[in-house]
$ cat my_file-v1.pdb   # PDB, C-alpha atoms and all ligand atoms
ATOM      1  CA  MET A   1      93.614 109.239  82.744
ATOM      2  CA  ILE A   2      94.296 108.418  86.358
ATOM      3  CA  ILE A   3      95.331 110.857  89.090
ATOM      4  CA  ILE A   4      96.235 109.993  92.664
ATOM      5  CA  LEU A   5      95.530 112.504  95.414
ATOM      6  CA  PHE A   6      98.134 111.742  98.016
ATOM      7  CA  GLY A   7      98.755 112.976 101.541
ATOM      8  CA  PRO A   8      98.282 112.300 105.251
ATOM      9  CA  PRO A   9      94.852 111.946 106.881
ATOM     10  CA  GLY A  10      93.163 115.346 107.054
ATOM     11  CA  ALA A  11      95.327 116.968 104.362
ATOM     12  CA  GLY A  12      92.285 117.889 102.264
ATOM     13  CA  LYS A  13      92.336 115.081  99.674
ATOM     14  CA  GLY A  14      88.598 114.471  99.890
ATOM     15  CA  THR A  15      87.706 118.161  99.604
ATOM     16  CA  GLN A  16      89.958 118.710  96.604
ATOM     17  CA  SER A  17      88.757 115.491  94.954
ATOM     18  CA  LYS A  18      85.162 116.668  95.175
ATOM     19  CA  CYS A  19      86.078 119.948  93.443
ATOM     20  CA  LEU A  20      87.754 118.009  90.656
ATOM     21  CA  GLN A  21      84.745 115.761  90.372
ATOM     22  CA  ASP A  22      82.420 118.758  90.043
ATOM     23  CA  ASN A  23      84.559 120.914  87.748
ATOM     24  CA  PHE A  24      86.612 118.467  85.688
ATOM     25  CA  ASP A  25      84.236 115.504  85.460
ATOM     26  CA  PHE A  26      86.627 113.205  87.242
ATOM     27  CA  ILE A  27      85.200 110.121  88.904
ATOM     28  CA  HIS A  28      86.227 110.232  92.559
ATOM     29  CA  LEU A  29      87.204 106.824  93.929
ATOM     30  CA  SER A  30      87.784 106.980  97.677
ATOM     31  CA  THR A  31      88.603 103.635  99.247
ATOM     32  CA  GLY A  32      87.700 105.121 102.665
ATOM     33  CA  ASP A  33      84.213 106.026 101.344
ATOM     34  CA  MET A  34      83.816 102.534  99.850
ATOM     35  CA  LEU A  35      84.738 100.927 103.164
ATOM     36  CA  ARG A  36      82.425 103.251 105.130
ATOM     37  CA  GLN A  37      79.587 102.301 102.781
ATOM     38  CA  ALA A  38      80.375  98.613 103.348
ATOM     39  CA  VAL A  39      80.306  99.191 107.130
ATOM     40  CA  HIS A  40      76.989 100.995 106.797
ATOM     41  CA  ASP A  41      75.544  98.175 104.655
ATOM     42  CA  LYS A  42      76.940  95.555 107.072
ATOM     43  CA  THR A  43      78.463  93.519 104.234
ATOM     44  CA  PRO A  44      81.133  90.908 105.099
ATOM     45  CA  LEU A  45      83.772  93.456 104.041
ATOM     46  CA  GLY A  46      82.173  96.091 106.266
ATOM     47  CA  GLN A  47      82.076  93.757 109.233
ATOM     48  CA  LYS A  48      85.760  93.040 108.785
ATOM     49  CA  ALA A  49      86.774  96.676 108.154
ATOM     50  CA  ASP A  50      84.812  98.371 110.958
ATOM     51  CA  SER A  51      87.130  97.684 113.887
ATOM     52  CA  ILE A  52      90.252  98.063 111.724
ATOM     53  CA  MET A  53      89.150 101.548 110.657
ATOM     54  CA  LYS A  54      88.209 102.609 114.184
ATOM     55  CA  SER A  55      91.671 101.641 115.403
ATOM     56  CA  GLY A  56      93.387 103.578 112.607
ATOM     57  CA  GLN A  57      95.009 100.483 111.094
ATOM     58  CA  LEU A  58      94.953  99.535 107.414
ATOM     59  CA  VAL A  59      92.699  96.952 105.794
ATOM     60  CA  ASP A  60      94.887  94.262 104.188
ATOM     61  CA  ASP A  61      96.476  94.882 100.794
ATOM     62  CA  GLU A  62      94.876  91.921  99.048
ATOM     63  CA  THR A  63      91.359  93.055  99.953
ATOM     64  CA  MET A  64      92.041  96.642  98.916
ATOM     65  CA  LEU A  65      93.642  95.624  95.627
ATOM     66  CA  GLY A  66      90.674  93.394  94.838
ATOM     67  CA  ILE A  67      88.224  96.261  95.425
ATOM     68  CA  ILE A  68      90.129  98.795  93.356
ATOM     69  CA  LYS A  69      90.859  96.368  90.514
ATOM     70  CA  GLU A  70      87.186  95.624  90.060
ATOM     71  CA  LYS A  71      86.341  99.352  90.039
ATOM     72  CA  LEU A  72      89.059 100.257  87.543
ATOM     73  CA  GLN A  73      88.025  97.494  85.195
ATOM     74  CA  SER A  74      84.461  98.776  85.191
ATOM     75  CA  LEU A  75      85.632 102.350  84.512
ATOM     76  CA  GLN A  76      88.142 101.786  81.683
ATOM     77  CA  GLY A  77      88.980 104.969  79.779
ATOM     78  CA  LYS A  78      87.311 107.325  82.287
ATOM     79  CA  LYS A  79      89.009 110.198  84.120
ATOM     80  CA  ILE A  80      89.604 108.923  87.629
ATOM     81  CA  ILE A  81      90.930 110.368  90.894
ATOM     82  CA  LEU A  82      92.134 107.862  93.454
ATOM     83  CA  ASP A  83      91.809 109.196  96.996
ATOM     84  CA  GLY A  84      93.231 107.114  99.855
ATOM     85  CA  PHE A  85      94.687 104.450  97.567
ATOM     86  CA  PRO A  86      97.419 103.249  97.299
ATOM     87  CA  ARG A  87      98.576 103.397 100.927
ATOM     88  CA  THR A  88     101.384 100.817 100.895
ATOM     89  CA  LEU A  89     104.160  99.869  98.501
ATOM     90  CA  LYS A  90     102.417  96.553  97.864
ATOM     91  CA  GLN A  91      99.228  98.385  96.860
ATOM     92  CA  ALA A  92     101.211 100.718  94.573
ATOM     93  CA  GLU A  93     102.949  97.809  92.873
ATOM     94  CA  GLY A  94      99.686  95.896  92.508
ATOM     95  CA  LEU A  95      98.012  98.974  91.048
ATOM     96  CA  GLU A  96     100.822  99.465  88.561
ATOM     97  CA  LYS A  97     100.541  95.840  87.447
ATOM     98  CA  THR A  98      96.755  96.036  87.093
ATOM     99  CA  LEU A  99      96.961  99.233  85.051
ATOM    100  CA  LEU A 100      99.716  97.842  82.849
ATOM    101  CA  ALA A 101      97.516  94.862  81.985
ATOM    102  CA  MET A 102      94.782  97.341  81.035
ATOM    103  CA  GLY A 103      97.167  99.446  78.915
ATOM    104  CA  GLN A 104      96.947 102.340  81.384
ATOM    105  CA  LYS A 105      99.204 104.101  83.876
ATOM    106  CA  ILE A 106      99.160 106.669  86.664
ATOM    107  CA  ASP A 107      99.356 110.067  84.981
ATOM    108  CA  LYS A 108      99.983 112.286  87.995
ATOM    109  CA  VAL A 109     100.333 111.979  91.747
ATOM    110  CA  ILE A 110      99.305 115.154  93.567
ATOM    111  CA  HIS A 111     100.894 115.270  96.993
ATOM    112  CA  LEU A 112      99.410 117.626  99.599
ATOM    113  CA  LYS A 113     102.140 118.284 102.155
ATOM    114  CA  VAL A 114     100.851 119.034 105.666
ATOM    115  CA  ASN A 115     102.795 118.558 108.895
ATOM    116  CA  ASP A 116     101.517 116.532 111.845
ATOM    117  CA  ASP A 117     101.012 119.523 114.157
ATOM    118  CA  GLU A 118      98.705 121.147 111.632
ATOM    119  CA  LEU A 119      96.741 117.897 111.152
ATOM    120  CA  LEU A 120      96.270 117.556 114.917
ATOM    121  CA  ALA A 121      95.214 121.215 115.145
ATOM    122  CA  ARG A 122      92.698 120.742 112.320
ATOM    123  CA  GLN A 123      91.205 117.797 114.171
ATOM    124  CA  ASN A 124      90.958 119.821 117.371
ATOM    125  CA  TYR A 125      89.077 122.450 115.444
ATOM    126  CA  ARG A 126      86.662 119.825 114.050
ATOM    127  CA  ILE A 127      86.084 118.340 117.513
ATOM    128  CA  GLU A 128      85.425 121.742 119.075
ATOM    129  CA  GLY A 129      83.325 122.875 116.141
ATOM    130  CA  SER A 130      80.619 120.342 115.483
ATOM    131  CA  LYS A 131      80.531 116.953 117.070
ATOM    132  CA  GLU A 132      77.682 115.868 114.780
ATOM    133  CA  SER A 133      79.697 115.602 111.573
ATOM    134  CA  LEU A 134      82.680 113.793 113.079
ATOM    135  CA  ARG A 135      83.550 110.376 111.702
ATOM    136  CA  SER A 136      83.818 107.521 114.173
ATOM    137  CA  ASP A 137      87.575 107.283 113.449
ATOM    138  CA  ASP A 138      88.095 111.033 113.983
ATOM    139  CA  THR A 139      89.472 110.797 117.524
ATOM    140  CA  PRO A 140      92.883 111.971 118.804
ATOM    141  CA  ASP A 141      94.096 108.414 119.483
ATOM    142  CA  THR A 142      93.039 107.128 116.073
ATOM    143  CA  LEU A 143      94.588 110.113 114.289
ATOM    144  CA  LYS A 144      97.896 109.507 116.078
ATOM    145  CA  LYS A 145      97.844 105.885 114.886
ATOM    146  CA  ARG A 146      96.851 106.937 111.358
ATOM    147  CA  LEU A 147      99.756 109.392 111.231
ATOM    148  CA  GLU A 148     102.184 106.776 112.486
ATOM    149  CA  ILE A 149     101.054 104.406 109.741
ATOM    150  CA  TYR A 150     101.153 107.185 107.154
ATOM    151  CA  HIS A 151     104.815 107.885 107.918
ATOM    152  CA  ALA A 152     105.809 104.211 108.129
ATOM    153  CA  ASP A 153     103.830 102.661 105.254
ATOM    154  CA  THR A 154     102.433 105.364 102.982
ATOM    155  CA  ALA A 155     105.077 108.106 102.790
ATOM    156  CA  PRO A 156     107.571 105.631 101.196
ATOM    157  CA  LEU A 157     105.392 105.834  98.068
ATOM    158  CA  LEU A 158     106.697 109.361  97.464
ATOM    159  CA  PRO A 159     110.110 108.193  96.159
ATOM    160  CA  PHE A 160     108.318 105.377  94.271
ATOM    161  CA  TYR A 161     106.294 107.915  92.261
ATOM    162  CA  GLN A 162     109.163 110.406  92.115
ATOM    163  CA  ASP A 163     111.194 107.726  90.301
ATOM    164  CA  ARG A 164     108.387 107.400  87.774
ATOM    165  CA  GLY A 165     108.403 111.158  87.136
ATOM    166  CA  VAL A 166     104.740 111.679  88.047
ATOM    167  CA  LEU A 167     104.989 113.291  91.496
ATOM    168  CA  TYR A 168     103.803 116.890  92.060
ATOM    169  CA  SER A 169     104.057 118.185  95.647
ATOM    170  CA  PHE A 170     102.051 121.171  96.857
ATOM    171  CA  ASP A 171     101.943 123.041 100.142
ATOM    172  CA  GLY A 172      98.780 121.665 101.721
ATOM    173  CA  MET A 173      99.034 124.208 104.557
ATOM    174  CA  ALA A 174      98.009 126.993 102.173
ATOM    175  CA  THR A 175      94.324 127.945 102.029
ATOM    176  CA  MET A 176      91.921 125.497 100.423
ATOM    177  CA  GLU A 177      91.410 127.951  97.544
ATOM    178  CA  ASP A 178      95.155 128.331  96.946
ATOM    179  CA  VAL A 179      95.665 124.570  96.899
ATOM    180  CA  ARG A 180      92.735 124.186  94.536
ATOM    181  CA  GLY A 181      94.195 126.878  92.259
ATOM    182  CA  LYS A 182      97.512 125.008  92.022
ATOM    183  CA  ILE A 183      95.781 121.729  91.249
ATOM    184  CA  TYR A 184      93.560 123.331  88.594
ATOM    185  CA  GLU A 185      96.661 124.841  86.986
ATOM    186  CA  LEU A 186      98.401 121.471  86.909
ATOM    187  CA  LEU A 187      95.370 119.750  85.406
ATOM    188  CA  ALA A 188      94.276 122.579  83.092
ATOM    189  CA  GLU A 189      94.583 120.412  79.986
ATOM    190  CA  TYR A 190      92.049 117.942  81.371
ATOM    191  CA  ARG A 191      89.296 120.469  82.057
ATOM    192  CA  THR A 192      86.088 119.693  80.192
TER     193      THR A 192
HETATM  194  P1  LIG A 201      90.245 107.465 104.552
HETATM  195  O1  LIG A 201      88.816 107.870 104.399
HETATM  196  O2  LIG A 201      90.965 107.400 103.242
HETATM  197  O3  LIG A 201      90.979 108.298 105.548
HETATM  198  O4  LIG A 201      90.247 105.969 105.114
HETATM  199  C1  LIG A 201      89.641 105.622 106.340
HETATM  200  C2  LIG A 201      90.163 104.266 106.800
HETATM  201  O5  LIG A 201      89.811 103.262 105.840
HETATM  202  C3  LIG A 201      91.679 104.146 106.938
HETATM  203  O6  LIG A 201      92.159 104.628 108.180
HETATM  204  C4  LIG A 201      91.879 102.643 106.786
HETATM  205  O7  LIG A 201      91.507 101.943 107.958
HETATM  206  C5  LIG A 201      90.848 102.299 105.714
HETATM  207  N1  LIG A 201      91.429 102.431 104.339
HETATM  208  C6  LIG A 201      91.064 103.329 103.371
HETATM  209  N2  LIG A 201      91.792 103.166 102.276
HETATM  210  C7  LIG A 201      92.662 102.151 102.529
HETATM  211  C8  LIG A 201      93.707 101.530 101.796
HETATM  212  N3  LIG A 201      94.028 101.932 100.549
HETATM  213  N4  LIG A 201      94.373 100.506 102.393
HETATM  214  C9  LIG A 201      94.066 100.079 103.634
HETATM  215  N5  LIG A 201      93.108 100.628 104.389
HETATM  216  C10 LIG A 201      92.410 101.668 103.844
END

$ encode --input "my_file-v1.pdb" --output "structure tokens"
Amino acid sequence: MIIILFGPPGAGKGTQSKCLQDNFDFIHLSTGDMLRQAVHDKTPLGQKADSIMKSGQLVDDETMLGIIKEKLQSLQGKKIILDGFPRTLKQAEGLEKTLLAMGQKIDKVIHLKVNDDELLARQNYRIEGSKESLRSDDTPDTLKKRLEIYHADTAPLLPFYQDRGVLYSFDGMATMEDVRGKIYELLAEYRT
């Protein structure tokens, strides 16, 4: 059982994933979290990813596919949420191929729709609120780059998953509780 939480940076994917992890026993796989851990641990991957992440660019597809493939193979048969992966068509195709070989597939893609103005406003609010909890890539310039890349490279995955009949789009501008309610409704059958 594999779900993708999909949407632009700051749409609330991480927050919603954590709720699903706590209430539905999903395992939350965030490629951003994995990369941040690697940066923190100063592994070769972390050393490579650090400057890429700070500039808002994407780590290369081959590296990301390698990381996620290894994780999925070690978690066969578990309920998984993918957060922040796939981000390019190449990653989506590679993921599909990997899952096919494992006799699995993407069950649902949950798309949180939020427009750019709202994402920029949310960041402003974070910056004005508490500087302490800000990530090093949470700057106006980096967000602009991340949004540009989202529209160019990641948004084209929407028709890809629409074609496969697994895409569910929700208004991510609604309150966090409303969005959570919609997601819980969609996934009711998987609640433990
Ligand atoms: P996130 O926490 O998902 O917003 O990711 C933070 C940063 O990690 C992104 O801006 C990228 O630089 C990198 N990253 C995370 N996931 C991926 C991915 N699937 N492909 C390429 N880069 C990624």

$ closest_residue --input "my_file-v1.pdb" --among "A:Ser130, A:Ser169, A:Gln57, A:Ser30" --to "Ser17 in chain A" --atoms "only C-alpha atoms"
A:Ser30

$ resolve_selection --input "my_file-v1.pdb" --expression "the PyMOL selection byres (((chain A and resi 36-46) around 12) and not hetatm)" --output "ChimeraX atom specification"
/A:30-35,47-54,59-60,63-64,66-67,135-137

$ write_last_selection --input "my_file-v1.pdb" --atoms "C-alpha atoms" --output "compact mmCIF listing (two decimals), in the coordinates of the input"
# COMPACT_ATOMS: atom_id res chain seq x y z
CA SER A 30 87.78 106.98 97.68
CA THR A 31 88.60 103.64 99.25
CA GLY A 32 87.70 105.12 102.66
CA ASP A 33 84.21 106.03 101.34
CA MET A 34 83.82 102.53 99.85
CA LEU A 35 84.74 100.93 103.16
CA GLN A 47 82.08 93.76 109.23
CA LYS A 48 85.76 93.04 108.78
CA ALA A 49 86.77 96.68 108.15
CA ASP A 50 84.81 98.37 110.96
CA SER A 51 87.13 97.68 113.89
CA ILE A 52 90.25 98.06 111.72
CA MET A 53 89.15 101.55 110.66
CA LYS A 54 88.21 102.61 114.18
CA VAL A 59 92.70 96.95 105.79
CA ASP A 60 94.89 94.26 104.19
CA THR A 63 91.36 93.06 99.95
CA MET A 64 92.04 96.64 98.92
CA GLY A 66 90.67 93.39 94.84
CA ILE A 67 88.22 96.26 95.42
CA ARG A 135 83.55 110.38 111.70
CA SER A 136 83.82 107.52 114.17
CA ASP A 137 87.58 107.28 113.45

$ resolve_selection --input "my_file-v1.pdb" --expression "the PyMOL selection byres (((chain A and resi 180) around 12) and not hetatm)" --output "PyMOL selection string"
chain A and resi 12-20+23+110+112+170-179+181-188

$ resolve_selection --input "my_file-v1.pdb" --expression "the PyMOL selection byres (((chain A and resi 27) around 9) and not hetatm)" --output "NGL selection string"
:A and (17 or 20-21 or 25-26 or 28-29 or 75 or 78-82)

$ residues_near_point --input "my_file-v1.pdb" --point "(99.4, 111.7, 100.2)" --cutoff "9 Å" --atoms "only C-alpha atoms" --output "number ranges by chain"
A: 4-9, 11, 13, 83-84, 87, 109-113, 150, 154-155, 157-158

$ closest_residue --input "my_file-v1.pdb" --among "A:Leu95, A:Leu72, A:Met102, A:Leu58" --to "ligand LIG 201 (chain A)" --atoms "only C-alpha atoms and all ligand atoms"
A:Leu58

$ atom_distance --input "my_file-v1.pdb" --atom1 "CA of Thr192 in chain A" --atom2 "CA of Phe24 in chain A"
5.7 Å

$ closest_residue --input "my_file-v1.pdb" --among "A:Leu100, A:Leu65, A:Leu119, A:Leu89" --to "Arg146 in chain A" --atoms "all atoms listed in the file"
A:Leu119

$ residues_around --input "my_file-v1.pdb" --residues "Glu96 in chain A" --least-positions-apart "6" --cutoff "9 Å" --atoms "all atoms listed in the file" --output "number ranges by chain"
A: 104-106

$ axis_aligned_box --input "my_file-v1.pdb" --around "ligand LIG 201 (chain A)" --padding-each-side "5 Å" --output "JSON"
{"center_x": 91.6, "center_y": 104.2, "center_z": 104.4, "size_x": 15.6, "size_y": 18.2, "size_z": 17.6}

$ closest_residue --input "my_file-v1.pdb" --among "A:Phe160, A:Tyr190, A:Phe85, A:Tyr168" --to "ligand LIG 201 (chain A)" --atoms "only C-alpha atoms and all ligand atoms"
A:Phe85

$ atom_distance --input "my_file-v1.pdb" --atom1 "CA of Glu118 in chain A" --atom2 "atom C6 of ligand LIG 201 (chain A)"
21.1 Å

$ closest_residue --input "my_file-v1.pdb" --among "A:Pro86, A:Gly103, A:Pro140, A:Pro156" --to "ligand LIG 201 (chain A)" --atoms "only C-alpha atoms and all ligand atoms"
A:Pro86

$ decode --input "my_file-v1.pdb" --residues "range 163-190 of chain A" --atoms "N, CA and C atoms" --output "PDB file, in the first residue's frame"
ATOM      1  N   ASP A 163      -3.606   9.833 -15.655  1.00  0.00           N
ATOM      2  CA  ASP A 163      -3.753   8.774 -16.655  1.00  0.00           C
ATOM      3  C   ASP A 163      -3.853   7.403 -16.006  1.00  0.00           C
ATOM      4  N   ARG A 164      -3.218   7.246 -14.856  1.00  0.00           N
ATOM      5  CA  ARG A 164      -3.233   5.950 -14.180  1.00  0.00           C
ATOM      6  C   ARG A 164      -4.425   5.807 -13.240  1.00  0.00           C
ATOM      7  N   GLY A 165      -5.245   6.871 -13.181  1.00  0.00           N
ATOM      8  CA  GLY A 165      -6.485   6.804 -12.384  1.00  0.00           C
ATOM      9  C   GLY A 165      -6.275   6.805 -10.876  1.00  0.00           C
ATOM     10  N   VAL A 166      -5.147   7.367 -10.417  1.00  0.00           N
ATOM     11  CA  VAL A 166      -4.868   7.325  -8.973  1.00  0.00           C
ATOM     12  C   VAL A 166      -4.759   8.722  -8.353  1.00  0.00           C
ATOM     13  N   LEU A 167      -5.096   9.754  -9.130  1.00  0.00           N
ATOM     14  CA  LEU A 167      -4.878  11.126  -8.649  1.00  0.00           C
ATOM     15  C   LEU A 167      -6.116  11.683  -7.926  1.00  0.00           C
ATOM     16  N   TYR A 168      -5.912  12.207  -6.726  1.00  0.00           N
ATOM     17  CA  TYR A 168      -6.975  12.851  -5.946  1.00  0.00           C
ATOM     18  C   TYR A 168      -6.484  14.241  -5.556  1.00  0.00           C
ATOM     19  N   SER A 169      -7.126  15.292  -6.068  1.00  0.00           N
ATOM     20  CA  SER A 169      -6.680  16.658  -5.785  1.00  0.00           C
ATOM     21  C   SER A 169      -7.562  17.297  -4.723  1.00  0.00           C
ATOM     22  N   PHE A 170      -6.927  17.925  -3.750  1.00  0.00           N
ATOM     23  CA  PHE A 170      -7.657  18.624  -2.688  1.00  0.00           C
ATOM     24  C   PHE A 170      -7.204  20.068  -2.612  1.00  0.00           C
ATOM     25  N   ASP A 171      -8.105  20.923  -2.105  1.00  0.00           N
ATOM     26  CA  ASP A 171      -7.777  22.325  -1.919  1.00  0.00           C
ATOM     27  C   ASP A 171      -6.862  22.471  -0.702  1.00  0.00           C
ATOM     28  N   GLY A 172      -5.585  22.679  -0.968  1.00  0.00           N
ATOM     29  CA  GLY A 172      -4.611  22.802   0.116  1.00  0.00           C
ATOM     30  C   GLY A 172      -4.618  24.168   0.773  1.00  0.00           C
ATOM     31  N   MET A 173      -5.511  25.068   0.292  1.00  0.00           N
ATOM     32  CA  MET A 173      -5.610  26.400   0.913  1.00  0.00           C
ATOM     33  C   MET A 173      -6.635  26.366   2.049  1.00  0.00           C
ATOM     34  N   ALA A 174      -7.365  25.273   2.166  1.00  0.00           N
ATOM     35  CA  ALA A 174      -8.316  25.142   3.277  1.00  0.00           C
ATOM     36  C   ALA A 174      -7.513  25.000   4.573  1.00  0.00           C
ATOM     37  N   THR A 175      -8.200  24.983   5.710  1.00  0.00           N
ATOM     38  CA  THR A 175      -7.456  24.861   6.976  1.00  0.00           C
ATOM     39  C   THR A 175      -6.808  23.480   7.041  1.00  0.00           C
ATOM     40  N   MET A 176      -5.786  23.392   7.880  1.00  0.00           N
ATOM     41  CA  MET A 176      -5.062  22.125   8.038  1.00  0.00           C
ATOM     42  C   MET A 176      -6.025  21.003   8.452  1.00  0.00           C
ATOM     43  N   GLU A 177      -6.980  21.361   9.327  1.00  0.00           N
ATOM     44  CA  GLU A 177      -7.937  20.359   9.825  1.00  0.00           C
ATOM     45  C   GLU A 177      -8.862  19.898   8.705  1.00  0.00           C
ATOM     46  N   ASP A 178      -9.293  20.845   7.858  1.00  0.00           N
ATOM     47  CA  ASP A 178     -10.180  20.479   6.747  1.00  0.00           C
ATOM     48  C   ASP A 178      -9.463  19.552   5.766  1.00  0.00           C
ATOM     49  N   VAL A 179      -8.213  19.903   5.469  1.00  0.00           N
ATOM     50  CA  VAL A 179      -7.441  19.072   4.529  1.00  0.00           C
ATOM     51  C   VAL A 179      -7.273  17.677   5.128  1.00  0.00           C
ATOM     52  N   ARG A 180      -6.944  17.652   6.403  1.00  0.00           N
ATOM     53  CA  ARG A 180      -6.752  16.358   7.074  1.00  0.00           C
ATOM     54  C   ARG A 180      -8.035  15.526   7.021  1.00  0.00           C
ATOM     55  N   GLY A 181      -9.174  16.196   7.238  1.00  0.00           N
ATOM     56  CA  GLY A 181     -10.470  15.508   7.201  1.00  0.00           C
ATOM     57  C   GLY A 181     -10.705  14.848   5.847  1.00  0.00           C
ATOM     58  N   LYS A 182     -10.392  15.564   4.784  1.00  0.00           N
ATOM     59  CA  LYS A 182     -10.586  15.040   3.416  1.00  0.00           C
ATOM     60  C   LYS A 182      -9.677  13.824   3.181  1.00  0.00           C
ATOM     61  N   ILE A 183      -8.453  13.945   3.658  1.00  0.00           N
ATOM     62  CA  ILE A 183      -7.502  12.840   3.443  1.00  0.00           C
ATOM     63  C   ILE A 183      -7.946  11.615   4.254  1.00  0.00           C
ATOM     64  N   TYR A 184      -8.385  11.837   5.470  1.00  0.00           N
ATOM     65  CA  TYR A 184      -8.833  10.717   6.319  1.00  0.00           C
ATOM     66  C   TYR A 184     -10.020  10.008   5.663  1.00  0.00           C
ATOM     67  N   GLU A 185     -10.917  10.820   5.073  1.00  0.00           N
ATOM     68  CA  GLU A 185     -12.088  10.256   4.403  1.00  0.00           C
ATOM     69  C   GLU A 185     -11.642   9.360   3.241  1.00  0.00           C
ATOM     70  N   LEU A 186     -10.706   9.885   2.455  1.00  0.00           N
ATOM     71  CA  LEU A 186     -10.230   9.141   1.289  1.00  0.00           C
ATOM     72  C   LEU A 186      -9.563   7.824   1.702  1.00  0.00           C
ATOM     73  N   LEU A 187      -8.870   7.861   2.838  1.00  0.00           N
ATOM     74  CA  LEU A 187      -8.088   6.689   3.239  1.00  0.00           C
ATOM     75  C   LEU A 187      -8.774   5.868   4.337  1.00  0.00           C
ATOM     76  N   ALA A 188     -10.077   6.128   4.547  1.00  0.00           N
ATOM     77  CA  ALA A 188     -10.769   5.502   5.680  1.00  0.00           C
ATOM     78  C   ALA A 188     -10.555   3.994   5.747  1.00  0.00           C
ATOM     79  N   GLU A 189     -10.549   3.357   4.589  1.00  0.00           N
ATOM     80  CA  GLU A 189     -10.433   1.880   4.584  1.00  0.00           C
ATOM     81  C   GLU A 189      -9.075   1.388   5.095  1.00  0.00           C
ATOM     82  N   TYR A 190      -8.092   2.294   5.145  1.00  0.00           N
ATOM     83  CA  TYR A 190      -6.760   1.850   5.563  1.00  0.00           C
ATOM     84  C   TYR A 190      -6.477   2.129   7.031  1.00  0.00           C
TER      85      TYR A 190
END
